[in-house]
Amino acid sequence: MSAQEKWPGLSPEMQEDAAANEFSGIVGSVLVSETDDVRVWHLHLKPGYRCPFHRHVLNYFWTCHSHGSARNYFEDGTTKEVRHFPGDTRHLYFGKGESMLHSVMNTGDTDLLFTTVEFKHSPNAPLPIPDSVRLKIPA
């Protein structure tokens, strides 16, 4: 099935991004910590920047640390406009086989900063994460 057939509600650019990242577990800009139980991510979106599509399979929560606005793009072509405030927090849960493929764009004029915590003991197995997104602490 082509990207156009799979995601007809997305623009051609978004379809290409969704196809390239359909099973990407990179849910933030940098993975700052990982244990047997959790993955902790930071997401930093400058004004006008959109993070690549990524798939959430683990139960998780995010907390926003800044004021701003964003547009969420979902694989079914729907979008959702959101105003963010410091301390905004949302918890999401996925049953076995459930997931969410989406992308977020900063539509405001301030940087958006989020922390996302994924719970590895969820109904679904964690997606693999490349070393390139892990925080590198100088020795």
# chains A, B, ... in the order shown; residues from 1 in each chain; ligands from 1
call {"tool": "residues_around", "arguments": {"residues": "segment 121-132 of chain A", "least_positions_apart": "3", "cutoff": "6 Å", "atoms": "only C-alpha atoms", "output": "VMD selection string"}}
result
chain A and resid 25 58 to 59 95 to 96
call {"tool": "write_last_selection", "arguments": {"atoms": "C-alpha atoms", "output": "compact mmCIF listing (two decimals), in the first residue's frame"}}
result
# COMPACT_ATOMS: atom_id res chain seq x y z
CA GLY A 25 9.94 5.18 18.75
CA LEU A 58 3.87 2.63 25.59
CA ASN A 59 1.71 4.21 28.27
CA GLY A 95 -3.98 -1.46 25.12
CA LYS A 96 -2.27 -4.45 23.52
call {"tool": "select_by_dssp", "arguments": {"residues": "segment 3-137 of chain A", "states": "alpha helix (DSSP H)", "output": "PDB file with N, CA, C and O atoms, in the first residue's frame"}}
result
ATOM      1  N   ALA A   3       1.988   5.296   0.493  1.00  0.00           N
ATOM      2  CA  ALA A   3       1.760   6.280   1.556  1.00  0.00           C
ATOM      3  C   ALA A   3       0.488   7.074   1.274  1.00  0.00           C
ATOM      4  O   ALA A   3      -0.252   7.406   2.195  1.00  0.00           O
ATOM      5  N   GLN A   4       0.229   7.379  -0.001  1.00  0.00           N
ATOM      6  CA  GLN A   4      -0.970   8.145  -0.362  1.00  0.00           C
ATOM      7  C   GLN A   4      -2.231   7.347  -0.043  1.00  0.00           C
ATOM      8  O   GLN A   4      -3.222   7.900   0.435  1.00  0.00           O
ATOM      9  N   GLU A   5      -2.189   6.029  -0.264  1.00  0.00           N
ATOM     10  CA  GLU A   5      -3.342   5.181   0.052  1.00  0.00           C
ATOM     11  C   GLU A   5      -3.488   4.992   1.561  1.00  0.00           C
ATOM     12  O   GLU A   5      -4.592   4.941   2.079  1.00  0.00           O
ATOM     13  N   LYS A   6      -2.352   4.903   2.245  1.00  0.00           N
ATOM     14  CA  LYS A   6      -2.369   4.634   3.681  1.00  0.00           C
ATOM     15  C   LYS A   6      -2.805   5.847   4.490  1.00  0.00           C
ATOM     16  O   LYS A   6      -3.474   5.721   5.504  1.00  0.00           O
ATOM     17  N   PRO A  12       1.270  15.397   0.842  1.00  0.00           N
ATOM     18  CA  PRO A  12       2.347  14.525   0.334  1.00  0.00           C
ATOM     19  C   PRO A  12       3.614  14.573   1.204  1.00  0.00           C
ATOM     20  O   PRO A  12       4.217  13.529   1.460  1.00  0.00           O
ATOM     21  N   GLU A  13       3.983  15.750   1.690  1.00  0.00           N
ATOM     22  CA  GLU A  13       5.157  15.872   2.567  1.00  0.00           C
ATOM     23  C   GLU A  13       4.948  15.093   3.858  1.00  0.00           C
ATOM     24  O   GLU A  13       5.838  14.377   4.325  1.00  0.00           O
ATOM     25  N   MET A  14       3.760  15.224   4.436  1.00  0.00           N
ATOM     26  CA  MET A  14       3.447  14.514   5.677  1.00  0.00           C
ATOM     27  C   MET A  14       3.363  13.004   5.433  1.00  0.00           C
ATOM     28  O   MET A  14       3.792  12.213   6.279  1.00  0.00           O
ATOM     29  N   GLN A  15       2.818  12.590   4.292  1.00  0.00           N
ATOM     30  CA  GLN A  15       2.750  11.165   3.959  1.00  0.00           C
ATOM     31  C   GLN A  15       4.151  10.570   3.889  1.00  0.00           C
ATOM     32  O   GLN A  15       4.395   9.473   4.412  1.00  0.00           O
ATOM     33  N   GLU A  16       5.072  11.293   3.267  1.00  0.00           N
ATOM     34  CA  GLU A  16       6.455  10.829   3.149  1.00  0.00           C
ATOM     35  C   GLU A  16       7.094  10.692   4.535  1.00  0.00           C
ATOM     36  O   GLU A  16       7.766   9.697   4.822  1.00  0.00           O
ATOM     37  N   ASP A  17       6.861  11.679   5.396  1.00  0.00           N
ATOM     38  CA  ASP A  17       7.401  11.646   6.753  1.00  0.00           C
ATOM     39  C   ASP A  17       6.788  10.495   7.546  1.00  0.00           C
ATOM     40  O   ASP A  17       7.495   9.756   8.246  1.00  0.00           O
ATOM     41  N   ALA A  18       5.475  10.307   7.432  1.00  0.00           N
ATOM     42  CA  ALA A  18       4.803   9.218   8.154  1.00  0.00           C
ATOM     43  C   ALA A  18       5.334   7.862   7.688  1.00  0.00           C
ATOM     44  O   ALA A  18       5.582   6.978   8.509  1.00  0.00           O
ATOM     45  N   ALA A  19       5.540   7.705   6.392  1.00  0.00           N
ATOM     46  CA  ALA A  19       6.060   6.443   5.865  1.00  0.00           C
ATOM     47  C   ALA A  19       7.478   6.182   6.367  1.00  0.00           C
ATOM     48  O   ALA A  19       7.819   5.058   6.741  1.00  0.00           O
ATOM     49  N   ALA A  20       8.308   7.219   6.395  1.00  0.00           N
ATOM     50  CA  ALA A  20       9.699   7.070   6.831  1.00  0.00           C
ATOM     51  C   ALA A  20       9.799   6.764   8.321  1.00  0.00           C
ATOM     52  O   ALA A  20      10.769   6.143   8.767  1.00  0.00           O
TER      53      ALA A  20
END
call {"tool": "closest_residue", "arguments": {"among": "A:Thr78, A:Thr63, A:Asn72, A:Ser103", "to": "His91 of chain A", "atoms": "only C-alpha atoms"}}
result
A:Thr63
call {"tool": "residues_around", "arguments": {"residues": "segment 82-88 of chain A", "least_positions_apart": "6", "cutoff": "8 Å", "atoms": "only C-alpha atoms", "output": "CSV table (one decimal) with all heavy atoms, in the first residue's frame"}}
result
chain,number,residue,atom,x,y,z
A,63,THR,N,4.6,16.5,30.1
A,63,THR,CA,4.4,17.7,30.8
A,63,THR,C,5.1,18.8,30.0
A,63,THR,O,6.2,18.7,29.6
A,63,THR,CB,5.1,17.7,32.2
A,63,THR,OG1,4.4,16.6,33.0
A,63,THR,CG2,4.9,19.0,33.0
A,64,CYS,N,4.4,20.0,29.8
A,64,CYS,CA,4.9,21.1,29.1
A,64,CYS,C,5.6,22.1,30.2
A,64,CYS,O,5.1,22.2,31.3
A,64,CYS,CB,3.8,21.8,28.4
A,64,CYS,SG,4.4,23.1,27.3
A,65,HIS,N,6.7,22.6,29.8
A,65,HIS,CA,7.4,23.6,30.7
A,65,HIS,C,7.4,25.0,30.2
A,65,HIS,O,8.0,25.9,30.8
A,65,HIS,CB,8.9,23.1,30.8
A,65,HIS,CG,9.1,21.7,31.2
A,65,HIS,ND1,8.9,21.4,32.6
A,65,HIS,CD2,9.4,20.6,30.6
A,65,HIS,CE1,9.1,20.1,32.7
A,65,HIS,NE2,9.4,19.6,31.5
A,66,SER,N,6.6,25.3,29.1
A,66,SER,CA,6.6,26.6,28.6
A,66,SER,C,5.2,27.0,28.0
A,66,SER,O,4.3,26.2,27.9
A,66,SER,CB,7.6,26.7,27.4
A,66,SER,OG,7.3,25.7,26.4
A,67,HIS,N,5.1,28.3,27.8
A,67,HIS,CA,3.8,28.8,27.1
A,67,HIS,C,4.0,28.6,25.6
A,67,HIS,O,5.1,28.8,25.1
A,67,HIS,CB,3.6,30.3,27.4
A,67,HIS,CG,3.3,30.6,28.9
A,67,HIS,ND1,2.1,30.6,29.4
A,67,HIS,CD2,4.1,30.9,29.9
A,67,HIS,CE1,2.1,30.8,30.6
A,67,HIS,NE2,3.3,31.1,31.0
A,68,GLY,N,2.9,28.4,24.9
A,68,GLY,CA,3.0,28.4,23.5
A,68,GLY,C,1.8,27.7,22.9
A,68,GLY,O,0.8,27.4,23.5
A,69,SER,N,1.9,27.5,21.6
A,69,SER,CA,0.8,26.8,20.8
A,69,SER,C,1.4,25.8,19.9
A,69,SER,O,2.5,26.0,19.4
A,69,SER,CB,-0.1,27.9,20.1
A,69,SER,OG,0.7,28.6,19.2
A,70,ALA,N,0.6,24.8,19.6
A,70,ALA,CA,1.0,23.7,18.8
A,70,ALA,C,-0.1,23.1,17.9
A,70,ALA,O,-1.3,23.3,18.3
A,70,ALA,CB,1.6,22.6,19.6
A,71,ARG,N,0.3,22.5,16.9
A,71,ARG,CA,-0.7,21.7,16.0
A,71,ARG,C,-0.2,20.3,16.0
A,71,ARG,O,0.9,20.0,15.7
A,71,ARG,CB,-0.8,22.3,14.6
A,71,ARG,CG,-1.7,21.6,13.7
A,71,ARG,CD,-1.8,22.2,12.3
A,71,ARG,NE,-2.2,23.6,12.5
A,71,ARG,CZ,-1.5,24.6,12.0
A,71,ARG,NH1,-0.4,24.5,11.3
A,71,ARG,NH2,-2.0,25.8,12.1
A,72,ASN,N,-1.1,19.4,16.4
A,72,ASN,CA,-0.9,18.0,16.3
A,72,ASN,C,-1.4,17.4,15.0
A,72,ASN,O,-2.6,17.7,14.7
A,72,ASN,CB,-1.5,17.2,17.5
A,72,ASN,CG,-0.8,17.5,18.8
A,72,ASN,OD1,0.2,16.9,19.1
A,72,ASN,ND2,-1.3,18.5,19.6
call {"tool": "closest_atom_pairs", "arguments": {"of": "segment 59-119 of chain A", "to": "segment 31-54 of chain A", "cutoff": "8 Å", "atoms": "only C-alpha atoms", "output": "JSON lines"}}
result
{"residue": "A:Leu101", "atom": "CA", "partner": "A:His54", "partner_atom": "CA", "distance": 5.5}
{"residue": "A:His102", "atom": "CA", "partner": "A:Phe53", "partner_atom": "CA", "distance": 5.1}
{"residue": "A:Ser103", "atom": "CA", "partner": "A:Phe53", "partner_atom": "CA", "distance": 4.4}
{"residue": "A:Val104", "atom": "CA", "partner": "A:Arg50", "partner_atom": "CA", "distance": 5.5}
{"residue": "A:Met105", "atom": "CA", "partner": "A:Arg50", "partner_atom": "CA", "distance": 3.9}
{"residue": "A:Asn106", "atom": "CA", "partner": "A:Pro47", "partner_atom": "CA", "distance": 5.2}
{"residue": "A:Thr107", "atom": "CA", "partner": "A:Gly48", "partner_atom": "CA", "distance": 5.6}
{"residue": "A:Gly108", "atom": "CA", "partner": "A:Pro47", "partner_atom": "CA", "distance": 5.7}
{"residue": "A:Asp109", "atom": "CA", "partner": "A:Pro47", "partner_atom": "CA", "distance": 5.2}
{"residue": "A:Thr110", "atom": "CA", "partner": "A:Pro47", "partner_atom": "CA", "distance": 5.8}
{"residue": "A:Asp111", "atom": "CA", "partner": "A:Lys46", "partner_atom": "CA", "distance": 4.6}
{"residue": "A:Leu112", "atom": "CA", "partner": "A:Leu45", "partner_atom": "CA", "distance": 5.1}
{"residue": "A:Leu113", "atom": "CA", "partner": "A:His44", "partner_atom": "CA", "distance": 4.8}
{"residue": "A:Phe114", "atom": "CA", "partner": "A:Leu43", "partner_atom": "CA", "distance": 5.0}
{"residue": "A:Thr115", "atom": "CA", "partner": "A:His42", "partner_atom": "CA", "distance": 4.7}
{"residue": "A:Thr116", "atom": "CA", "partner": "A:Trp41", "partner_atom": "CA", "distance": 5.0}
{"residue": "A:Val117", "atom": "CA", "partner": "A:Val40", "partner_atom": "CA", "distance": 4.6}
{"residue": "A:Glu118", "atom": "CA", "partner": "A:Arg39", "partner_atom": "CA", "distance": 5.1}
{"residue": "A:Phe119", "atom": "CA", "partner": "A:Val38", "partner_atom": "CA", "distance": 4.7}
call {"tool": "closest_residue", "arguments": {"among": "A:Arg90, A:Pro138, A:Phe74, A:Val133", "to": "Gly9 of chain A", "atoms": "only C-alpha atoms"}}
result
A:Phe74
call {"tool": "select_by_dssp", "arguments": {"residues": "segment 60-107 of chain A", "states": "strand (DSSP E or B)", "output": "JSON, numbers by chain"}}
result
{"A": [60, 61, 62, 63, 64, 68, 69, 70, 71, 72, 73, 74, 79, 80, 81, 82, 83, 84, 89, 90, 91, 92, 100, 101, 102, 103, 104, 105, 106]}
call {"tool": "closest_residue", "arguments": {"among": "A:Ile26, A:Val57, A:Met1, A:Leu10", "to": "Met100 of chain A", "atoms": "only C-alpha atoms"}}
result
A:Val57
call {"tool": "closest_residue", "arguments": {"among": "A:His56, A:Trp62, A:Ser11, A:Gly28", "to": "Thr89 of chain A", "atoms": "only C-alpha atoms"}}
result
A:Trp62
call {"tool": "atom_distance", "arguments": {"atom1": "atom CA of Asn21 of chain A", "atom2": "atom CA of Arg55 of chain A"}}
result
7.8 Å
